[in-house]
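Let me begin by presenting the structure, written as structure tokens, before commenting on it.
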Amino acid sequence: MKRTHILVCTGTGCTSCGSFQTRDALLTELQKNGLSNEIDVVETGCMGRCDLGPVALVHPEGTFYKNVLAPDVPKLVEEHFLKGRPFQKLLPTDPQTQNVIQTQADFTFFNRQLRIVRDNCGVIDPEKIEEYIARDGYLALGKVLTEMKPEQVIEEIKASGLRGRGGAGFPTGRKWELMRQAPVSPKYVVCNADEGDPGAFMNRSVLEGDPHSVLEGMAIGAYAMGANRGFIYIRAEYGLAVKRLHIAIEQAYKAELLGKNLFGTGFDFDLEVRIGAGAFVCGEETALMRSVEGRRGQPQPRPPFPAQRGLWGKPTNINNVETWATIRPLILKGAKWFSSIGTEKTKGTKVFCLAGKINNTGVAELPFGTTLREMIFEVGGGVPNGKKFKAVQTGGPSGGVIPEQFLDTPVEYETLQKLGSIMGSGGMVVVDEDSCMVDFARFFMEFCCDESCGKCPPCRVGTRQMLNILNRICAGDGELDDIQKLEDLAAMVKDTSLCGLGQTAPNPVLTTLKYFRHEYEAHIIDKQCPARVCRDLLHFEIDEPLCKGCSLCARACPVQTIGRIGTLKKFEIHEEKCIHCGACFEVCRFDAVKKTSPGMLVTA
Amino acid sequence: MNLEELKKLKEKAQRQVALRDGNKKYRVVFSMGTSGIAAGAREIMTTMLDEIDKRGLDDVEVAVTGEIGLVDAEPMIRIEEANGEKVTYARVNAADARKIVTEHLEKGKVVEGLAVGKVKE
Ligand SMILES: Cc1cc2nc3c(=O)[nH]c(=O)nc-3n(C[C@H](O)[C@H](O)[C@H](O)COP(=O)(O)O)c2cc1C
């Protein structure tokens, strides 16, 4: 037996900043100090605080360490594991109170969460099936196969109120029932792990941290719906998740938890991984199925729905990673327990990704009905550097932005929709006062325009036209009727596009027009960018009295347009050649470089 | 695999990860300052971990701390119970360590001859 487990996060976030080196350094250092037979180093999946990576958690004390880089490991081992006291240097601080946080339990980011789907993430080694089994792994599958009829499983899912986590929030039980009733065989089940939204990594965190939970959910679903074969569709960029899925599948086959005659009941289930090339549209279920078949990923009109005609023309059920991973706890603890969590319309929890201008960047699982304010200011720790909150974009690149006056909105599908946004996959991008909302809308329109598959003209041509107008406005060439044109195009693209990509792509434009119309007007009428972001609308100059003549700005200028004023020591910017890159503004240590936009007061 | 086999596997595997659950009934704290280590505290701890493992006790966690304070009483260990009771053992040797596991941690009986202090908070 070991007295201590050091859990080192080896999710993609932490490995990208060196957690494998941290692990190696820990092993070496423990060995050196003769501690190897008392202390285990365990590799886990994502703990959720990617911005503090590499992170490590020490049990049984519960001490949470941030930025554990290899060079700090000798000191850490000496302090914590030899002398038995926390290594202060690597303890996190609360962004709001500045207090040092001693244990994970004292960390608001963690203790405000309710972890059902991510219960095992960051706790077990995802490459060891025994650790999954130790935490009731595959017991739900065993229970379903030996004690429940397929119809009973579907009743249980229906009673729980579970809705699909892939974006649309369709009731999972109803979907399964339709599949069950389809008279054709074979049938297939598919896990949608495409996760194409920029800034979204909740599915990845589950696949990397607890892959077996997805396999088990799929096996249960297959049994309930009468399928014997499943596919996990995942993008190639998710290398670590793909690797861990392969390991999990292999281990499950070896343990006879996948394959033939599971639990001796005669039920067979085979599962394989299909790798996608990483197109946003391939997350759309009909495009996804074509991609699984090896064809070009383009959406098809529905009906026929996948449950009627899916993969190779056969009934197919597609669910999101998180939906599948919810099945196991739901079966183990029951529909009644599950439906006690969340809101009237939406039960259970959702994994959210907090990103953008927020102190605690990472993945957090919270019950539906948690307000935006709680999410951003309590769990997320608020906006960094004392900046003012401006808006939050929910639901990924085609989600709308929600301004401050709606921060007390409880988050669920319907409430977000009412504000012109979507739940999507659960992305939350926070925007502060330094962001320009026109530029923001332009950025996401560019993404959707790029990712449009081109099959239907409203999406292919419409998003391009909208992007052209937005580019024009940001460049200071906007015209008065551009706002009307944007609104007309948005309505057309939304109403007539074939799939959800086009149908939601105008959301960022529509919501910024709704809540931040004055910023559009400032760009168009005054040629002013109030947030001072749009380059073409900026003007830089040096405040002579403040200039110390240090020459930092002149050296930073990529077009050499900053020179001394005559024979004076001080500097000035020659407007004609200035490209408004802001390099001088960034480097000046005396606030002498002023960044303004027409009609604005000169501030810092 | 059938359900029985899975449950058996679970029981075995559970001990591997039980440490990560927290809220244990007993917490065994070793005085691991310079004098503790010199008096053999590290070896005593290894022995104790081995015995805990052999007995399959998973409601116990083991921790180290700096000097408890009585240099000539080392190796010292303190057993803290979830209910606030604390028992300190002094000059513990390998045989004592095993006895503390079988008596105190397994049966809940304080090893009277070895205990030097007992407080309830
Ligand atoms: C452009 C587009 C991208 C999508 N991307 C994803 C995705 O990455 N993952 C996902 O689960 N669903 C995605 N969806 C939704 C799927 O079409 C489908 O509704 C979902 O996988 C169903 O699973 P659920 O019932 O568990 O929510 C996307 C939809 C659209 C229109």
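Residues are referred to by chain and number: the chain letter is A, B, ... according to the order shown in the structure tokens, the number counts from 1 in that chain, and ligands are numbered separately from 1 in the order shown.
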
Using only C-alpha atoms and all ligand atoms, what table do you get, as a Markdown table, when you list each residue of chain A with an atom no more than 9 Å from ligand 1, its nearest pair of atoms, and their distance in Å rounded to one decimal, rows by chain then rising number?
| residue | atom | partner | partner_atom_place_in_ligand_line | distance |
| --- | --- | --- | --- | --- |
| A:Arg163 | CA | ligand 1 | 25 (O) | 6.7 |
| A:Gly164 | CA | ligand 1 | 27 (O) | 3.2 |
| A:Arg165 | CA | ligand 1 | 27 (O) | 4.2 |
| A:Gly166 | CA | ligand 1 | 27 (O) | 3.3 |
| A:Gly167 | CA | ligand 1 | 27 (O) | 5.4 |
| A:Ala168 | CA | ligand 1 | 19 (O) | 5.6 |
| A:Gly169 | CA | ligand 1 | 27 (O) | 5.6 |
| A:Phe170 | CA | ligand 1 | 25 (O) | 5.4 |
| A:Pro171 | CA | ligand 1 | 25 (O) | 7.1 |
| A:Thr172 | CA | ligand 1 | 25 (O) | 6.0 |
| A:Lys175 | CA | ligand 1 | 25 (O) | 7.7 |
| A:Val190 | CA | ligand 1 | 21 (O) | 8.8 |
| A:Cys191 | CA | ligand 1 | 11 (O) | 7.5 |
| A:Asn192 | CA | ligand 1 | 11 (O) | 4.5 |
| A:Ala193 | CA | ligand 1 | 9 (N) | 5.6 |
| A:Asp194 | CA | ligand 1 | 8 (O) | 4.2 |
| A:Glu195 | CA | ligand 1 | 8 (O) | 3.3 |
| A:Gly196 | CA | ligand 1 | 8 (O) | 4.9 |
| A:Asp197 | CA | ligand 1 | 8 (O) | 6.8 |
| A:Asn203 | CA | ligand 1 | 9 (N) | 8.3 |
| A:Ile234 | CA | ligand 1 | 8 (O) | 9.0 |
| A:Ala279 | CA | ligand 1 | 3 (C) | 8.9 |
| A:Phe280 | CA | ligand 1 | 3 (C) | 5.7 |
| A:Val281 | CA | ligand 1 | 1 (C) | 4.4 |
| A:Cys282 | CA | ligand 1 | 3 (C) | 6.5 |
| A:Gly283 | CA | ligand 1 | 5 (N) | 3.3 |
| A:Glu284 | CA | ligand 1 | 17 (O) | 3.5 |
| A:Glu285 | CA | ligand 1 | 17 (O) | 3.9 |
| A:Thr286 | CA | ligand 1 | 17 (O) | 7.0 |
| A:Ala287 | CA | ligand 1 | 17 (O) | 8.3 |
| A:Leu288 | CA | ligand 1 | 17 (O) | 8.1 |
| A:Pro299 | CA | ligand 1 | 31 (C) | 8.6 |
| A:Asn317 | CA | ligand 1 | 22 (C) | 8.4 |
| A:Ile318 | CA | ligand 1 | 23 (O) | 5.4 |
| A:Asn319 | CA | ligand 1 | 26 (O) | 3.3 |
| A:Asn320 | CA | ligand 1 | 11 (O) | 3.6 |
| A:Val321 | CA | ligand 1 | 11 (O) | 6.4 |
| A:Glu322 | CA | ligand 1 | 26 (O) | 7.2 |
| A:Thr323 | CA | ligand 1 | 26 (O) | 4.9 |
| A:Trp324 | CA | ligand 1 | 26 (O) | 7.2 |
| A:Ser398 | CA | ligand 1 | 1 (C) | 8.7 |
| A:Gly424 | CA | ligand 1 | 14 (N) | 7.9 |
| A:Ser425 | CA | ligand 1 | 9 (N) | 7.1 |
| A:Cys448 | CA | ligand 1 | 1 (C) | 8.7 |
| A:Glu451 | CA | ligand 1 | 1 (C) | 8.5 |
| A:Ser452 | CA | ligand 1 | 1 (C) | 8.5 |
| A:Cys499 | CA | ligand 1 | 31 (C) | 5.5 |
| A:Gly500 | CA | ligand 1 | 31 (C) | 3.4 |
| A:Leu501 | CA | ligand 1 | 1 (C) | 3.9 |
| A:Gly502 | CA | ligand 1 | 1 (C) | 7.7 |
| A:Gln503 | CA | ligand 1 | 31 (C) | 7.9 |
| A:Thr504 | CA | ligand 1 | 31 (C) | 8.0 |
| A:Ala505 | CA | ligand 1 | 1 (C) | 8.9 |

- Task: Just need the residues of chain A within 10 Å of chain B, counting only C-alpha atoms, so spit them out as a ChimeraX atom specification.
- Result: /A:1-7,34-35,37-38,57-62,80-85,123-125,129-139,141-143,145-146,254-258,261-265

Just to be explicit: take each residue in the selection above, keep N, CA and C atoms, and write the result as a compact mmCIF listing (two decimals), in the first residue's frame.
# COMPACT_ATOMS: atom_id res chain seq x y z
N MET A 1 0.83 -1.21 0.00
CA MET A 1 0.00 0.00 0.00
C MET A 1 0.87 1.26 0.00
N LYS A 2 0.34 2.30 -0.64
CA LYS A 2 1.07 3.57 -0.67
C LYS A 2 0.36 4.54 0.26
N ARG A 3 1.15 5.45 0.82
CA ARG A 3 0.52 6.42 1.71
C ARG A 3 -0.02 7.63 0.95
N THR A 4 0.58 7.89 -0.19
CA THR A 4 0.21 9.09 -0.93
C THR A 4 0.09 8.80 -2.42
N HIS A 5 -0.89 9.40 -3.05
CA HIS A 5 -0.98 9.39 -4.51
C HIS A 5 -0.80 10.82 -5.02
N ILE A 6 0.14 10.99 -5.93
CA ILE A 6 0.27 12.29 -6.58
C ILE A 6 -0.40 12.15 -7.94
N LEU A 7 -1.53 12.84 -8.12
CA LEU A 7 -2.21 12.75 -9.40
C LEU A 7 -1.70 13.88 -10.29
N GLY A 34 14.24 7.86 -1.89
CA GLY A 34 13.78 6.63 -1.27
C GLY A 34 12.31 6.63 -0.90
N LEU A 35 11.51 7.36 -1.68
CA LEU A 35 10.09 7.45 -1.34
C LEU A 35 9.20 6.63 -2.28
N ASN A 37 8.50 3.59 -2.64
CA ASN A 37 7.58 2.55 -2.17
C ASN A 37 6.49 3.07 -1.25
N GLU A 38 6.51 4.39 -1.00
CA GLU A 38 5.43 4.97 -0.18
C GLU A 38 4.47 5.79 -1.02
N LEU A 57 -2.50 17.00 -7.99
CA LEU A 57 -3.32 16.93 -6.79
C LEU A 57 -2.74 15.84 -5.90
N VAL A 58 -2.49 16.18 -4.63
CA VAL A 58 -1.89 15.20 -3.72
C VAL A 58 -2.94 14.64 -2.77
N HIS A 59 -3.10 13.33 -2.79
CA HIS A 59 -4.00 12.65 -1.85
C HIS A 59 -3.16 11.94 -0.81
N PRO A 60 -3.65 11.77 0.43
CA PRO A 60 -4.99 12.11 0.92
C PRO A 60 -5.20 13.57 1.33
N GLU A 61 -4.16 14.38 1.34
CA GLU A 61 -4.35 15.74 1.87
C GLU A 61 -5.28 16.59 1.01
N GLY A 62 -5.29 16.32 -0.29
CA GLY A 62 -6.10 17.15 -1.17
C GLY A 62 -5.41 18.44 -1.59
N HIS A 80 7.06 18.86 0.51
CA HIS A 80 5.80 18.18 0.78
C HIS A 80 5.98 16.73 1.22
N PHE A 81 6.87 16.03 0.54
CA PHE A 81 6.89 14.58 0.75
C PHE A 81 7.94 14.13 1.76
N LEU A 82 8.99 14.93 1.95
CA LEU A 82 9.95 14.59 2.99
C LEU A 82 9.58 15.27 4.30
N LYS A 83 9.33 16.59 4.21
CA LYS A 83 9.07 17.33 5.45
C LYS A 83 7.60 17.38 5.80
N GLY A 84 6.74 17.03 4.84
CA GLY A 84 5.31 16.95 5.16
C GLY A 84 4.61 18.28 5.32
N ARG A 85 5.05 19.31 4.57
CA ARG A 85 4.30 20.57 4.61
C ARG A 85 4.12 21.08 3.19
N VAL A 123 -9.42 11.92 -11.48
CA VAL A 123 -9.39 11.10 -10.28
C VAL A 123 -8.77 9.74 -10.58
N ILE A 124 -9.11 9.18 -11.75
CA ILE A 124 -8.57 7.86 -12.09
C ILE A 124 -7.56 7.96 -13.24
N ASP A 125 -6.79 6.92 -13.37
CA ASP A 125 -5.89 6.80 -14.51
C ASP A 125 -6.71 6.25 -15.68
N ILE A 129 -8.17 0.15 -16.83
CA ILE A 129 -9.58 -0.23 -16.70
C ILE A 129 -9.91 -0.58 -15.26
N GLU A 130 -8.93 -1.09 -14.49
CA GLU A 130 -9.19 -1.47 -13.09
C GLU A 130 -9.63 -0.25 -12.28
N GLU A 131 -9.02 0.90 -12.57
CA GLU A 131 -9.39 2.08 -11.79
C GLU A 131 -10.81 2.51 -12.10
N TYR A 132 -11.22 2.31 -13.35
CA TYR A 132 -12.61 2.61 -13.73
C TYR A 132 -13.54 1.63 -13.02
N ILE A 133 -13.15 0.37 -13.04
CA ILE A 133 -13.97 -0.66 -12.40
C ILE A 133 -14.06 -0.41 -10.90
N ALA A 134 -12.96 0.07 -10.31
CA ALA A 134 -12.96 0.36 -8.87
C ALA A 134 -14.04 1.37 -8.53
N ARG A 135 -14.35 2.24 -9.45
CA ARG A 135 -15.38 3.25 -9.20
C ARG A 135 -16.67 2.89 -9.92
N ASP A 136 -17.10 1.68 -9.72
CA ASP A 136 -18.37 1.14 -10.24
C ASP A 136 -18.43 1.01 -11.76
N GLY A 137 -17.27 1.02 -12.41
CA GLY A 137 -17.26 0.90 -13.86
C GLY A 137 -17.89 -0.40 -14.35
N TYR A 138 -18.65 -0.30 -15.38
CA TYR A 138 -19.34 -1.40 -16.06
C TYR A 138 -20.41 -2.08 -15.22
N LEU A 139 -20.65 -1.58 -14.01
CA LEU A 139 -21.72 -2.16 -13.20
C LEU A 139 -23.09 -1.80 -13.80
N LEU A 141 -23.76 -1.37 -16.96
CA LEU A 141 -23.96 -2.25 -18.11
C LEU A 141 -24.39 -3.64 -17.62
N GLY A 142 -23.69 -4.11 -16.58
CA GLY A 142 -24.03 -5.42 -16.01
C GLY A 142 -25.47 -5.45 -15.53
N LYS A 143 -25.87 -4.39 -14.85
CA LYS A 143 -27.22 -4.32 -14.30
C LYS A 143 -28.26 -4.32 -15.44
N LEU A 145 -27.96 -5.37 -18.55
CA LEU A 145 -28.02 -6.61 -19.32
C LEU A 145 -28.66 -7.75 -18.54
N THR A 146 -28.41 -7.79 -17.23
CA THR A 146 -28.90 -8.95 -16.48
C THR A 146 -30.26 -8.71 -15.82
N LYS A 254 -10.59 -7.16 -23.95
CA LYS A 254 -9.84 -8.17 -23.24
C LYS A 254 -10.60 -8.63 -21.99
N ALA A 255 -11.28 -7.69 -21.34
CA ALA A 255 -12.03 -8.03 -20.13
C ALA A 255 -13.42 -8.57 -20.48
N GLU A 256 -13.68 -8.76 -21.75
CA GLU A 256 -14.99 -9.24 -22.23
C GLU A 256 -16.13 -8.31 -21.81
N LEU A 257 -15.84 -7.01 -21.83
CA LEU A 257 -16.88 -6.02 -21.56
C LEU A 257 -17.33 -5.37 -22.86
N LEU A 258 -16.66 -5.73 -23.93
CA LEU A 258 -17.09 -5.42 -25.30
C LEU A 258 -16.92 -6.72 -26.05
N ASN A 261 -21.37 -11.89 -26.49
CA ASN A 261 -22.00 -12.52 -25.33
C ASN A 261 -21.66 -11.82 -24.01
N LEU A 262 -21.93 -10.53 -23.94
CA LEU A 262 -21.53 -9.77 -22.76
C LEU A 262 -22.32 -10.21 -21.52
N PHE A 263 -21.63 -10.36 -20.42
CA PHE A 263 -22.20 -10.82 -19.15
C PHE A 263 -22.98 -12.12 -19.34
N GLY A 264 -22.58 -12.90 -20.32
CA GLY A 264 -23.23 -14.18 -20.54
C GLY A 264 -24.68 -14.08 -20.96
N THR A 265 -25.08 -12.92 -21.49
CA THR A 265 -26.50 -12.76 -21.81
C THR A 265 -26.81 -12.95 -23.29

- Message: For the strand (DSSP E or B) assignment from backbone DSSP, which residues of stretch 7-106 of chain B qualify? Please present them as a list in words.
- Response: Tyr26, Arg27, Val28, Val29, Phe30, Ser31, Val60, Glu61, Val62, Ala63, Val64, Thr65, Ile77, Arg78, Ile79, Glu80, Glu81, Glu85, Lys86, Val87, Thr88 and Tyr89 of chain B

- Item | Point-to-point distance from atom CA of B:Thr88 to atom CA of B:Ile100, Å rounded to tenths |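 Interatomic distance, atom CA of B:Thr88 to atom CA of B:Ile100: 11.0 Å.
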
- Message: For A:Val429, find every residue with an atom within 7 Å (counting only C-alpha atoms), except residues of its own chain fewer than 5 positions away, and show them as a PyMOL selection string.
- Response: chain A and resi 354-356+392-394

Please dump the current selection as a PDB file, in the first residue's frame; keep C-alpha atoms.
ATOM      1  CA  LEU A 354     -14.929  28.907 -19.556  1.00  0.00           C
ATOM      2  CA  ALA A 355     -12.708  30.876 -21.874  1.00  0.00           C
ATOM      3  CA  GLY A 356     -11.866  34.384 -23.006  1.00  0.00           C
ATOM      4  CA  VAL A 392     -20.546  36.505 -22.873  1.00  0.00           C
ATOM      5  CA  GLN A 393     -20.916  34.424 -25.972  1.00  0.00           C
ATOM      6  CA  THR A 394     -22.570  31.085 -25.304  1.00  0.00           C
TER       7      THR A 394
END

- Item | Spatial neighbours of A:Pro315, max dist 12 Å, only C-alpha atoms, sep filter under 3 positions, as a ChimeraX atom specification | /A:175-190,222,225-230,289,304-312,318

- What gap, in Å, lies between atom CA of A:Ile473 and atom CA of A:Asp439?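 Computed distance, atom CA of A:Ile473 to atom CA of A:Asp439, equals 9.1 Å.
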
- Message: Residues within 7 Å of A:Thr343, please, as a PyMOL selection string. Count only C-alpha atoms; anything in the same chain fewer than 4 positions from it doesn't count.
- Response: chain A and resi 347+368-369

- DSSP on the backbone, then: every residue of chain B marked alpha helix (DSSP H), written as a PyMOL selection string. chain B and resi 3-17+34-38+41-55+94-100

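Minimum atom-to-atom distances from B:Lys86, B:Lys25, B:Arg55, B:Lys118 to B:Lys99 were compared using only C-alpha atoms, and the lowest value belongs to B:Arg55.
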
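Coordinates place atom CA of A:Ile525 at a distance of 22.6 Å from atom CA of A:Lys594.
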